[in-house]
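Chemist: You'll find model.csv just under this line, and it carries CSV, C-alpha atoms.
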chain,number,residue,atom,x,y,z
A,1,MET,CA,0.0,0.0,0.0
A,2,LYS,CA,2.9,2.5,0.6
A,3,LEU,CA,4.1,2.0,-2.9
A,4,PHE,CA,1.0,3.3,-4.5
A,5,PRO,CA,1.7,7.0,-3.6
A,6,VAL,CA,5.2,6.6,-5.0
A,7,ARG,CA,3.9,5.5,-8.3
A,8,PHE,CA,1.6,8.5,-8.5
A,9,LEU,CA,4.7,10.6,-7.6
A,10,TYR,CA,6.6,9.2,-10.5
A,11,LEU,CA,3.7,9.8,-12.9
A,12,ALA,CA,3.4,13.3,-11.7
A,13,ILE,CA,7.1,14.1,-12.3
A,14,ALA,CA,6.9,12.5,-15.8
A,15,LEU,CA,3.8,14.6,-16.7
A,16,ILE,CA,5.6,17.8,-15.6
A,17,PHE,CA,8.6,17.1,-17.9
A,18,LEU,CA,6.3,16.3,-20.8
A,19,LEU,CA,4.3,19.5,-20.4
A,20,THR,CA,7.5,21.6,-20.1
A,21,GLY,CA,8.9,20.2,-23.4
A,22,CYS,CA,5.7,20.9,-25.3
A,23,THR,CA,5.6,24.5,-24.3
A,24,GLY,CA,8.9,25.0,-26.2
A,25,LEU,CA,7.0,24.8,-29.5
A,26,ASP,CA,5.4,28.2,-28.7
A,27,THR,CA,8.6,30.1,-28.0
A,28,LYS,CA,9.0,33.5,-29.6
A,29,GLU,CA,12.8,33.2,-29.9
A,30,PRO,CA,13.9,33.1,-33.6
A,31,VAL,CA,15.2,30.0,-35.2
A,32,ALA,CA,18.8,30.3,-36.1
A,33,ALA,CA,19.4,30.4,-39.9
A,34,LYS,CA,21.6,28.0,-41.7
A,35,ALA,CA,25.1,29.1,-42.3
A,36,THR,CA,25.7,30.3,-45.8
A,37,ASN,CA,28.8,28.1,-46.2
A,38,ALA,CA,27.2,25.0,-44.7
A,39,LEU,CA,28.0,21.9,-46.7
A,40,SER,CA,25.3,19.4,-47.8
A,41,ASP,CA,25.7,15.8,-49.0
A,42,LYS,CA,26.1,17.3,-52.6
A,43,ASP,CA,29.3,19.1,-51.4
A,44,ILE,CA,31.1,15.9,-50.7
A,45,ILE,CA,33.3,14.8,-53.6
A,46,ASP,CA,35.3,11.6,-53.4
A,47,GLY,CA,34.8,11.5,-49.7
A,48,LYS,CA,36.2,15.0,-49.2
A,49,LYS,CA,34.5,18.2,-48.6
A,50,ALA,CA,34.4,20.5,-51.6
A,51,PRO,CA,35.9,24.0,-51.2
A,52,VAL,CA,33.4,26.8,-50.6
A,53,VAL,CA,33.5,29.3,-53.5
A,54,ALA,CA,32.8,32.8,-52.4
A,55,GLN,CA,30.3,34.7,-54.6
A,56,THR,CA,31.8,37.8,-56.0
A,57,ARG,CA,30.2,40.6,-58.0
A,58,GLU,CA,31.3,41.2,-61.6
A,59,SER,CA,33.6,44.1,-61.8
A,60,ALA,CA,32.4,47.2,-63.6
A,61,PRO,CA,33.5,47.5,-67.3
A,62,LYS,CA,36.5,49.8,-67.8
A,63,LYS,CA,36.3,52.1,-70.8
A,64,GLN,CA,39.2,54.0,-72.2
A,65,THR,CA,38.8,56.4,-75.2
A,66,ILE,CA,41.3,58.2,-77.5
A,67,SER,CA,40.8,60.7,-80.3
A,68,LEU,CA,42.3,60.5,-83.8
A,69,ALA,CA,42.4,62.8,-86.8
A,70,ALA,CA,43.4,62.5,-90.4
A,71,ILE,CA,44.0,64.8,-93.3
A,72,GLY,CA,44.4,64.1,-97.0
A,73,ASP,CA,47.1,64.8,-99.6
A,74,VAL,CA,50.1,67.0,-98.7
A,75,LEU,CA,51.3,67.6,-102.3
A,76,MET,CA,53.9,70.3,-102.7
A,77,HIS,CA,53.8,71.8,-106.2
A,78,ASP,CA,56.3,74.4,-107.2
A,79,VAL,CA,53.9,77.3,-106.6
A,80,VAL,CA,53.6,76.1,-103.0
A,81,TYR,CA,57.3,75.4,-102.1
A,82,ASN,CA,58.4,78.6,-103.9
A,83,ALA,CA,56.1,80.6,-101.7
A,84,ALA,CA,57.8,79.0,-98.6
A,85,LYS,CA,61.3,79.8,-99.8
A,86,THR,CA,63.5,81.8,-97.4
A,87,ASN,CA,67.1,82.8,-97.2
A,88,ALA,CA,67.8,79.9,-94.9
A,89,GLY,CA,65.8,77.3,-96.8
A,90,TYR,CA,62.0,76.8,-96.5
A,91,ASN,CA,59.4,77.6,-93.9
A,92,PHE,CA,56.0,75.9,-94.3
A,93,ASN,CA,54.9,76.5,-90.7
A,94,PRO,CA,52.7,79.5,-91.5
A,95,PHE,CA,50.7,77.5,-94.0
A,96,PHE,CA,49.4,75.3,-91.2
A,97,SER,CA,48.7,77.9,-88.6
A,98,GLU,CA,44.9,77.9,-89.1
A,99,VAL,CA,44.5,74.1,-88.8
A,100,LYS,CA,47.2,73.5,-86.1
A,101,PRO,CA,44.7,73.7,-83.2
A,102,TYR,CA,42.6,70.9,-84.7
A,103,LEU,CA,45.5,68.7,-85.6
A,104,GLU,CA,47.4,68.9,-82.4
A,105,LYS,CA,44.2,68.4,-80.3
A,106,ALA,CA,43.9,64.7,-81.3
A,107,ASP,CA,45.8,62.0,-79.5
A,108,ILE,CA,47.0,60.7,-82.9
A,109,THR,CA,46.9,62.6,-86.2
A,110,PHE,CA,47.6,61.1,-89.6
A,111,ALA,CA,48.5,62.7,-92.9
A,112,ASN,CA,49.0,61.4,-96.5
A,113,GLN,CA,52.5,62.8,-97.4
A,114,GLU,CA,52.1,62.5,-101.2
A,115,SER,CA,55.4,64.0,-102.3
A,116,MET,CA,58.6,62.4,-100.9
A,117,ILE,CA,60.6,64.8,-98.7
A,118,GLY,CA,63.9,63.7,-100.2
A,119,GLY,CA,65.5,67.1,-99.3
A,120,ALA,CA,67.0,69.9,-101.2
A,121,THR,CA,70.3,68.1,-101.8
A,122,LEU,CA,68.5,65.9,-104.4
A,123,GLY,CA,67.0,69.0,-106.1
A,124,VAL,CA,63.4,70.1,-105.2
A,125,SER,CA,61.0,69.3,-108.0
A,126,THR,CA,57.4,69.4,-108.9
A,127,TYR,CA,54.9,67.4,-111.1
A,128,PRO,CA,55.4,64.9,-112.7
A,129,ARG,CA,58.4,63.8,-110.5
A,130,PHE,CA,58.0,65.3,-107.1
A,131,ASN,CA,60.7,65.8,-104.5
A,132,SER,CA,60.0,68.1,-101.5
A,133,PRO,CA,62.2,69.9,-98.9
A,134,PHE,CA,62.7,68.3,-95.5
A,135,GLU,CA,60.9,71.4,-94.0
A,136,VAL,CA,57.6,70.0,-95.1
A,137,GLY,CA,58.0,67.2,-92.6
A,138,ASP,CA,59.1,69.8,-90.0
A,139,ALA,CA,55.9,71.8,-90.6
A,140,LEU,CA,53.7,68.7,-90.2
A,141,ARG,CA,55.4,67.9,-86.9
A,142,TYR,CA,54.8,71.6,-85.9
A,143,ALA,CA,51.2,71.3,-86.8
A,144,GLY,CA,50.6,68.2,-84.7
A,145,VAL,CA,50.8,65.3,-87.2
A,146,ASP,CA,52.1,62.0,-85.7
A,147,VAL,CA,51.9,59.5,-88.6
A,148,VAL,CA,52.5,59.9,-92.3
A,149,SER,CA,51.8,57.6,-95.2
A,150,MET,CA,54.5,57.3,-97.8
A,151,ALA,CA,52.7,54.8,-100.0
A,152,ASN,CA,51.3,56.6,-103.1
A,153,ASN,CA,51.8,56.8,-106.9
A,154,HIS,CA,54.7,59.3,-106.4
A,155,THR,CA,56.7,57.2,-104.0
A,156,LEU,CA,59.3,56.3,-106.6
A,157,ASP,CA,59.3,59.6,-108.4
A,158,ARG,CA,63.0,60.3,-107.5
A,159,GLY,CA,64.0,56.8,-106.8
A,160,LYS,CA,65.5,55.0,-103.9
A,161,ALA,CA,67.6,57.9,-102.7
A,162,ALA,CA,64.6,60.2,-102.1
A,163,ILE,CA,62.9,57.4,-100.1
A,164,GLN,CA,65.9,56.7,-98.0
A,165,GLN,CA,66.6,60.4,-97.2
A,166,ALA,CA,62.9,61.0,-96.4
A,167,ILE,CA,62.9,58.1,-94.0
A,168,GLN,CA,66.1,59.4,-92.3
A,169,HIS,CA,64.4,62.8,-91.8
A,170,TRP,CA,61.2,61.3,-90.5
A,171,LYS,CA,63.3,59.4,-87.9
A,172,LYS,CA,65.2,62.5,-87.0
A,173,ILE,CA,62.1,64.4,-86.1
A,174,ARG,CA,60.5,61.4,-84.4
A,175,MET,CA,57.6,60.9,-86.8
A,176,VAL,CA,56.0,57.5,-87.6
A,177,TYR,CA,56.1,56.7,-91.3
A,178,VAL,CA,54.3,53.8,-93.0
A,179,GLY,CA,54.0,52.4,-96.5
A,180,ALA,CA,57.6,52.7,-97.5
A,181,ASN,CA,60.6,51.1,-95.8
A,182,GLN,CA,64.3,51.5,-95.3
A,183,ASN,CA,65.0,47.7,-95.6
A,184,ALA,CA,63.4,44.3,-95.1
A,185,GLU,CA,63.8,44.6,-91.3
A,186,ASP,CA,62.1,47.9,-91.4
A,187,GLN,CA,59.2,46.5,-93.4
A,188,ALA,CA,58.7,43.7,-90.8
A,189,ARG,CA,58.4,46.2,-88.0
A,190,MET,CA,54.8,46.9,-87.1
A,191,ARG,CA,54.0,50.6,-86.7
A,192,VAL,CA,52.1,50.8,-83.4
A,193,ILE,CA,51.4,53.9,-81.3
A,194,LYS,CA,50.7,53.3,-77.6
A,195,THR,CA,48.8,56.1,-76.0
A,196,LYS,CA,48.9,57.1,-72.4
A,197,GLN,CA,45.2,56.1,-72.1
A,198,GLY,CA,46.2,52.5,-72.6
A,199,VAL,CA,44.8,52.2,-76.2
A,200,SER,CA,47.2,51.1,-78.9
A,201,VAL,CA,46.8,51.7,-82.7
A,202,ALA,CA,48.6,50.0,-85.6
A,203,PHE,CA,49.0,51.8,-88.9
A,204,LEU,CA,49.3,50.2,-92.4
A,205,ALA,CA,49.5,51.8,-95.9
A,206,TYR,CA,49.4,50.5,-99.5
A,207,THR,CA,49.2,52.0,-103.0
A,208,TYR,CA,47.7,50.8,-106.2
A,209,GLY,CA,50.9,51.6,-108.1
A,210,THR,CA,53.7,54.1,-108.7
A,211,ASN,CA,53.0,55.6,-112.2
A,212,GLY,CA,54.7,52.8,-114.0
A,213,LEU,CA,58.0,53.0,-112.1
A,214,THR,CA,59.2,49.8,-110.5
A,215,VAL,CA,61.4,49.1,-107.5
A,216,PRO,CA,65.0,47.8,-108.0
A,217,ALA,CA,65.4,44.0,-108.0
A,218,GLY,CA,65.4,42.6,-104.5
A,219,GLU,CA,64.2,45.8,-102.9
A,220,ASP,CA,60.4,45.3,-102.8
A,221,TYR,CA,60.4,46.7,-99.3
A,222,LEU,CA,60.8,50.3,-100.7
A,223,VAL,CA,57.0,50.7,-101.2
A,224,GLN,CA,54.0,48.6,-100.3
A,225,TYR,CA,51.6,47.8,-103.1
A,226,ILE,CA,48.0,46.7,-102.7
A,227,ASP,CA,47.9,42.9,-102.5
A,228,ARG,CA,44.9,41.3,-100.8
A,229,SER,CA,46.7,38.4,-99.3
A,230,GLN,CA,49.4,40.7,-97.8
A,231,ILE,CA,46.8,43.1,-96.5
A,232,ARG,CA,44.9,40.3,-94.8
A,233,GLN,CA,48.0,38.9,-93.2
A,234,ALA,CA,49.2,42.4,-92.1
A,235,ILE,CA,45.9,43.2,-90.5
A,236,GLN,CA,46.0,40.0,-88.5
A,237,GLN,CA,49.5,40.7,-87.4
A,238,ALA,CA,48.5,44.3,-86.5
A,239,HIS,CA,45.7,43.1,-84.3
A,240,ALA,CA,48.1,40.8,-82.5
A,241,ALA,CA,50.2,43.8,-81.7
A,242,ALA,CA,47.6,46.5,-81.1
A,243,ASP,CA,44.0,47.2,-80.1
A,244,ALA,CA,42.9,48.8,-83.3
A,245,VAL,CA,44.1,49.0,-86.9
A,246,VAL,CA,44.0,52.0,-89.2
A,247,LEU,CA,44.6,51.2,-92.9
A,248,SER,CA,45.5,53.8,-95.6
A,249,LEU,CA,44.7,52.9,-99.2
A,250,HIS,CA,45.9,54.9,-102.2
A,251,PHE,CA,43.3,54.0,-104.7
A,252,GLY,CA,40.5,55.2,-107.0
A,253,ASN,CA,40.4,57.5,-110.0
A,254,GLU,CA,41.7,61.0,-110.0
A,255,TYR,CA,39.1,63.8,-109.8
A,256,GLU,CA,36.1,61.4,-109.4
A,257,ARG,CA,33.9,62.5,-106.5
A,258,GLN,CA,32.4,59.0,-106.0
A,259,PRO,CA,34.2,55.8,-105.2
A,260,ASN,CA,34.2,53.2,-108.0
A,261,LYS,CA,33.3,49.5,-107.7
A,262,GLU,CA,36.9,48.5,-107.2
A,263,GLN,CA,37.3,50.9,-104.2
A,264,GLU,CA,34.1,49.6,-102.6
A,265,ALA,CA,35.1,46.0,-103.1
A,266,LEU,CA,38.6,46.5,-101.7
A,267,ALA,CA,37.2,48.5,-98.7
A,268,GLN,CA,34.7,45.7,-97.9
A,269,PHE,CA,37.5,43.1,-98.1
A,270,ALA,CA,39.7,45.1,-95.8
A,271,ALA,CA,36.9,45.7,-93.4
A,272,ASP,CA,36.0,42.0,-93.3
A,273,ALA,CA,39.7,41.3,-92.7
A,274,GLY,CA,39.6,43.4,-89.6
A,275,ALA,CA,40.5,47.0,-90.4
A,276,ASP,CA,38.8,49.3,-88.0
A,277,VAL,CA,39.3,52.5,-90.0
A,278,ILE,CA,40.1,52.9,-93.7
A,279,LEU,CA,41.5,56.2,-95.0
A,280,GLY,CA,41.4,56.6,-98.8
A,281,HIS,CA,43.6,58.9,-100.9
A,282,HIS,CA,44.6,59.6,-104.5
A,283,PRO,CA,41.5,61.1,-106.3
A,284,HIS,CA,42.6,64.7,-105.1
A,285,VAL,CA,38.9,65.4,-104.4
A,286,LEU,CA,36.7,64.5,-101.5
A,287,GLN,CA,34.7,61.2,-101.7
A,288,PRO,CA,32.0,60.4,-99.1
A,289,MET,CA,32.3,58.6,-95.8
A,290,ALA,CA,30.5,55.4,-94.9
A,291,TRP,CA,30.1,52.7,-92.2
A,292,ILE,CA,31.0,49.3,-93.7
A,293,GLN,CA,29.2,46.4,-92.1
A,294,ARG,CA,31.7,43.5,-91.4
A,295,LYS,CA,31.2,39.8,-91.4
A,296,ASP,CA,32.0,39.7,-87.6
A,297,GLY,CA,29.1,42.1,-87.0
A,298,GLN,CA,31.3,45.1,-86.3
A,299,LYS,CA,31.4,48.3,-88.3
A,300,THR,CA,34.4,49.9,-90.1
A,301,LEU,CA,34.7,53.6,-90.5
A,302,CYS,CA,35.7,54.4,-94.2
A,303,VAL,CA,36.4,57.6,-96.0
A,304,TYR,CA,37.0,56.8,-99.7
A,305,SER,CA,39.0,59.9,-100.3
A,306,LEU,CA,40.2,62.8,-98.0
A,307,GLY,CA,41.1,64.9,-101.1
A,308,ASN,CA,43.8,67.5,-101.1
A,309,PHE,CA,44.7,69.1,-97.9
A,310,ILE,CA,47.4,71.4,-99.3
A,311,SER,CA,48.5,71.4,-103.0
A,312,GLY,CA,49.0,73.7,-106.0
A,313,GLN,CA,46.0,72.3,-107.8
A,314,LYS,CA,43.3,74.8,-108.8
A,315,GLY,CA,39.5,74.2,-108.9
A,316,VAL,CA,36.7,74.2,-106.3
A,317,TYR,CA,36.8,70.5,-105.6
A,318,LYS,CA,40.7,70.3,-105.7
A,319,GLN,CA,41.0,73.2,-103.3
A,320,THR,CA,38.5,71.5,-100.9
A,321,GLY,CA,39.8,69.1,-98.2
A,322,GLY,CA,39.0,68.4,-94.6
A,323,ILE,CA,40.0,67.1,-91.2
A,324,LEU,CA,38.4,63.8,-90.2
A,325,SER,CA,38.1,63.1,-86.5
A,326,TRP,CA,36.9,60.1,-84.6
A,327,ASN,CA,37.2,58.2,-81.3
A,328,ILE,CA,38.4,54.7,-80.6
A,329,SER,CA,37.2,53.2,-77.3
A,330,LYS,CA,38.5,50.1,-75.6
A,331,THR,CA,36.2,48.4,-73.1
A,332,VAL,CA,37.4,45.6,-70.8
A,333,ARG,CA,34.6,43.5,-69.2
A,334,SER,CA,35.2,40.3,-67.4
A,335,GLY,CA,38.6,39.9,-69.0
A,336,LYS,CA,37.3,40.4,-72.5
A,337,THR,CA,38.2,43.4,-74.6
A,338,ALA,CA,36.0,45.2,-77.1
A,339,ILE,CA,37.1,47.9,-79.6
A,340,THR,CA,34.6,50.4,-81.0
A,341,VAL,CA,35.0,53.3,-83.5
A,342,GLU,CA,32.8,56.2,-82.5
A,343,ASN,CA,31.7,59.8,-83.1
A,344,PRO,CA,33.0,60.6,-86.6
A,345,SER,CA,33.1,64.3,-87.4
A,346,PHE,CA,34.5,66.4,-90.2
A,347,ILE,CA,35.8,69.9,-90.7
A,348,PRO,CA,35.7,70.9,-94.4
A,349,THR,CA,38.7,73.0,-95.3
A,350,TRP,CA,39.6,75.3,-98.1
A,351,VAL,CA,43.0,76.4,-99.6
A,352,THR,CA,42.9,79.9,-101.2
A,353,TYR,CA,44.9,79.7,-104.4
A,354,GLY,CA,48.1,81.8,-103.8
A,355,ALA,CA,47.8,81.8,-100.0
A,356,TRP,CA,48.4,78.1,-99.6
A,357,LYS,CA,46.9,78.0,-96.2
A,358,PRO,CA,44.2,75.4,-95.4
A,359,GLU,CA,41.4,77.0,-93.3
A,360,PRO,CA,38.2,75.6,-91.9
A,361,MET,CA,35.3,76.5,-94.2
A,362,TYR,CA,33.0,77.5,-91.4
A,363,LYS,CA,35.5,80.3,-90.5
A,364,LEU,CA,35.6,81.5,-94.1
A,365,GLN,CA,31.8,81.4,-94.2
A,366,ALA,CA,31.6,83.5,-91.1
A,367,ARG,CA,33.8,86.1,-92.9
A,368,HIS,CA,31.3,86.0,-95.8
A,369,LEU,CA,33.8,84.9,-98.4
A,370,SER,CA,32.0,85.1,-101.7
A,371,GLY,CA,30.5,81.8,-102.7
A,372,MET,CA,31.7,79.9,-99.6
A,373,ASP,CA,28.2,79.4,-98.2
A,374,GLN,CA,27.2,77.3,-101.2
A,375,ILE,CA,30.5,75.4,-101.3
A,376,TYR,CA,30.4,74.7,-97.6
A,377,GLU,CA,26.8,73.3,-97.6
A,378,GLU,CA,27.4,71.3,-100.7
A,379,THR,CA,30.6,69.8,-99.2
A,380,LYS,CA,28.7,68.7,-96.0
A,381,LYS,CA,25.9,67.2,-98.1
A,382,HIS,CA,28.5,65.3,-100.2
A,383,MET,CA,30.5,63.9,-97.3
A,384,SER,CA,27.5,62.7,-95.3
A,385,ALA,CA,25.5,61.2,-98.3
A,386,ARG,CA,26.3,57.7,-97.1
A,387,MET,CA,26.7,58.4,-93.4
A,388,SER,CA,23.7,60.1,-91.8
A,389,ASP,CA,25.3,60.3,-88.4
A,390,LEU,CA,28.4,62.3,-89.6
A,391,GLN,CA,28.8,65.4,-87.5
A,392,PHE,CA,30.4,68.6,-88.6
A,393,THR,CA,32.6,70.7,-86.3
A,394,GLU,CA,31.7,74.4,-86.4
Would you mind writing the structure in this file as structure tokens?
Modeler:
Amino acid sequence: MKLFPVRFLYLAIALIFLLTGCTGLDTKEPVAAKATNALSDKDIIDGKKAPVVAQTRESAPKKQTISLAAIGDVLMHDVVYNAAKTNAGYNFNPFFSEVKPYLEKADITFANQESMIGGATLGVSTYPRFNSPFEVGDALRYAGVDVVSMANNHTLDRGKAAIQQAIQHWKKIRMVYVGANQNAEDQARMRVIKTKQGVSVAFLAYTYGTNGLTVPAGEDYLVQYIDRSQIRQAIQQAHAAADAVVLSLHFGNEYERQPNKEQEALAQFAADAGADVILGHHPHVLQPMAWIQRKDGQKTLCVYSLGNFISGQKGVYKQTGGILSWNISKTVRSGKTAITVENPSFIPTWVTYGAWKPEPMYKLQARHLSGMDQIYEETKKHMSARMSDLQFTE
């Protein structure tokens, strides 16, 4: 009989513990969340715990942009270099004073140096066999030009000696030259300019011919002729050495204001091969600009002819030239690099016969030079006929 109360005592204690445990389900304390780096059965590989990979945000894209400019033919006829004659030699600097602010503003500026600057010791000469003073190169350097093309139909006018002496002077004044070479080793050297912004640009130049003159045997390096297989290979090599490629082509028919089918086909070929910008020369008049759609989905900026920038030729279209400007942007995102050509703009220029000083047309228009309003508007319409987004600096 004494055991009976003890049993009830045990039952009472058990009941108290049971009730105490149940009340825990109603607690207001929060349930601890799972650790973000907790491992599940799926994290076990070959009996070992897999490493925990931290989740990181994709870094913001980094964009770097440079500005470039280009001008057309620098072709020194006798009327031009005679006007620059001084007691000490020649001074062409004043001829470029009005355009200097636009040329030196760009990070890289390109010019087509049509007449070889072989120097006065070879005898300065005019059409049909040009040879120009060294001081032409000095003036371009003064005006802000960084790169010159030597590949044109007048490259061989005064033979190997003029080419070699011109190259020596370009080197002396620290100018990049392209399209003609000192030797085979020089030809193999890719012309690349690396800017402080971190964007590098390679330059190439080729000509359709040299007025029937041929290079000496074994010296093909003296001038670079248009050859599709060589151009394709050179563009590939250029892209391996630089971010962007600018190609100068001396092609087309003189004094024709529209590109012919051969120009269009070659430009399309060069664009598909990877040229980012194509600068055309030789017609001595302006030909329109265009965006060329490439096979890789990108667009190439092309101007079929930049016309004369300074020359002794006379006539409305021959005295009209211009300064082409554009940007090249390099964007790095997740380790991948993309290059885009952007914001093309154009400044039509005019050389008054006898003054030999290229000037922006909009400034001449502002001074109400007779007939300049009509020439200026017609030039803008002509250059933008194939490129509706072309801007004009005024």
Chemist: What's the separation between atom CA of A:Ile339 and atom CA of A:Lys63, in Å to one decimal place?
Modeler: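 Interatomic distance here is 9.8 Å.
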Chemist: Atom CA of A:Lys330 and atom CA of A:Ser200 are how many Å apart?
Modeler: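 About the pair atom CA of A:Lys330 and atom CA of A:Ser200: they are 9.4 Å apart.
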Chemist: Between A:Ala238, A:Leu103, A:Val246, A:Val341, which one has atoms that come closest to A:Ile66, using only C-alpha atoms?
Modeler: A:Val341
Chemist: Within 10 Å of stretch 179-188 of chain A, counting only C-alpha atoms, which residues show up once you throw out same-chain ones fewer than 5 positions away? Write them as a VMD selection string, please.
Modeler: chain A and resid 148 to 152 155 to 156 160 163 to 168 203 to 207 218 to 225 234 248 to 249
Chemist: Do you have the atom CA of A:Ile231-atom CA of A:Ala267 distance handy?
Modeler: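 Distance between the two atoms: 11.2 Å.
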Chemist: Kindly assemble as a Markdown table a list of the stretch 85-202 of chain A residues that lie within 10 Å of stretch 345-356 of chain A, each paired with its nearest atom pair and their distance in Å to one decimal, using all atoms listed in the file, sorted first by chain and then by ascending residue number.
Modeler:
| residue | atom | partner | partner_atom | distance |
| --- | --- | --- | --- | --- |
| A:Phe92 | CA | A:Trp356 | CA | 9.5 |
| A:Pro94 | CA | A:Trp356 | CA | 9.3 |
| A:Phe95 | CA | A:Trp356 | CA | 6.1 |
| A:Phe96 | CA | A:Trp356 | CA | 8.9 |
| A:Val99 | CA | A:Thr349 | CA | 8.8 |
| A:Tyr102 | CA | A:Ile347 | CA | 9.1 |
Chemist: Can you write out the residues you just picked, keeping C-alpha atoms, as an mmCIF file, keeping the file's coordinate frame?
Modeler:
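Output contents, as saved in out-v6.cif:
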data_model
loop_
_atom_site.group_PDB
_atom_site.id
_atom_site.type_symbol
_atom_site.label_atom_id
_atom_site.label_comp_id
_atom_site.auth_asym_id
_atom_site.auth_seq_id
_atom_site.Cartn_x
_atom_site.Cartn_y
_atom_site.Cartn_z
ATOM 1 C CA PHE A 92 56.000 75.900 -94.300
ATOM 2 C CA PRO A 94 52.700 79.500 -91.500
ATOM 3 C CA PHE A 95 50.700 77.500 -94.000
ATOM 4 C CA PHE A 96 49.400 75.300 -91.200
ATOM 5 C CA VAL A 99 44.500 74.100 -88.800
ATOM 6 C CA TYR A 102 42.600 70.900 -84.700
#
Chemist: Report as number ranges by chain all protein, DNA and RNA residues lying within 12 Å of A:Asp243, evaluated on only C-alpha atoms, omitting residues in the same chain fewer than 6 positions from it.
Modeler: A: 64-66, 192-195, 198-203, 235-237, 274-276, 328-332, 337-341
Chemist: Tell me which protein, DNA and RNA residues are within 8 Å of A:Gly137, counting all atoms listed in the file, leaving out same-chain ones fewer than 5 positions away, and put them as a PyMOL selection string.
Modeler: chain A and resi 117+169-170
Chemist: Write out as a PyMOL selection string the residues lying within 9 Å of A:Gln313, counting all atoms listed in the file and excluding same-chain residues fewer than 4 positions away.
Modeler: chain A and resi 75+77+284+308+318-319+353
Chemist: Missing atoms in stretch 107-120 of chain A: fill them in up to N, CA and C atoms and send the result as a CSV table (one decimal), in the coordinates of the input.
Modeler:
chain,number,residue,atom,x,y,z
A,107,ASP,N,44.8,62.8,-80.0
A,107,ASP,CA,45.8,62.0,-79.5
A,107,ASP,C,46.8,61.5,-80.5
A,108,ILE,N,46.2,61.2,-81.7
A,108,ILE,CA,47.0,60.7,-82.9
A,108,ILE,C,46.5,61.4,-84.1
A,109,THR,N,47.4,62.0,-84.9
A,109,THR,CA,46.9,62.6,-86.2
A,109,THR,C,47.7,62.0,-87.3
A,110,PHE,N,47.0,61.7,-88.4
A,110,PHE,CA,47.6,61.1,-89.6
A,110,PHE,C,47.5,62.0,-90.8
A,111,ALA,N,48.5,61.9,-91.7
A,111,ALA,CA,48.5,62.7,-92.9
A,111,ALA,C,49.0,61.8,-94.1
A,112,ASN,N,48.5,62.1,-95.3
A,112,ASN,CA,49.0,61.4,-96.5
A,112,ASN,C,50.1,62.3,-97.1
A,113,GLN,N,51.4,62.0,-96.9
A,113,GLN,CA,52.5,62.8,-97.4
A,113,GLN,C,52.7,62.3,-98.8
A,114,GLU,N,52.1,63.0,-99.8
A,114,GLU,CA,52.1,62.5,-101.2
A,114,GLU,C,53.4,62.7,-101.8
A,115,SER,N,54.1,63.8,-101.6
A,115,SER,CA,55.4,64.0,-102.3
A,115,SER,C,56.5,63.7,-101.3
A,116,MET,N,57.5,62.9,-101.8
A,116,MET,CA,58.6,62.4,-100.9
A,116,MET,C,59.4,63.7,-100.5
A,117,ILE,N,59.7,63.7,-99.2
A,117,ILE,CA,60.6,64.8,-98.7
A,117,ILE,C,62.0,64.3,-98.8
A,118,GLY,N,62.5,64.2,-100.0
A,118,GLY,CA,63.9,63.7,-100.2
A,118,GLY,C,65.0,64.8,-99.8
A,119,GLY,N,64.5,66.0,-99.7
A,119,GLY,CA,65.5,67.1,-99.3
A,119,GLY,C,66.0,67.8,-100.5
A,120,ALA,N,66.5,69.0,-100.2
A,120,ALA,CA,67.0,69.9,-101.2
A,120,ALA,C,68.3,69.5,-101.9
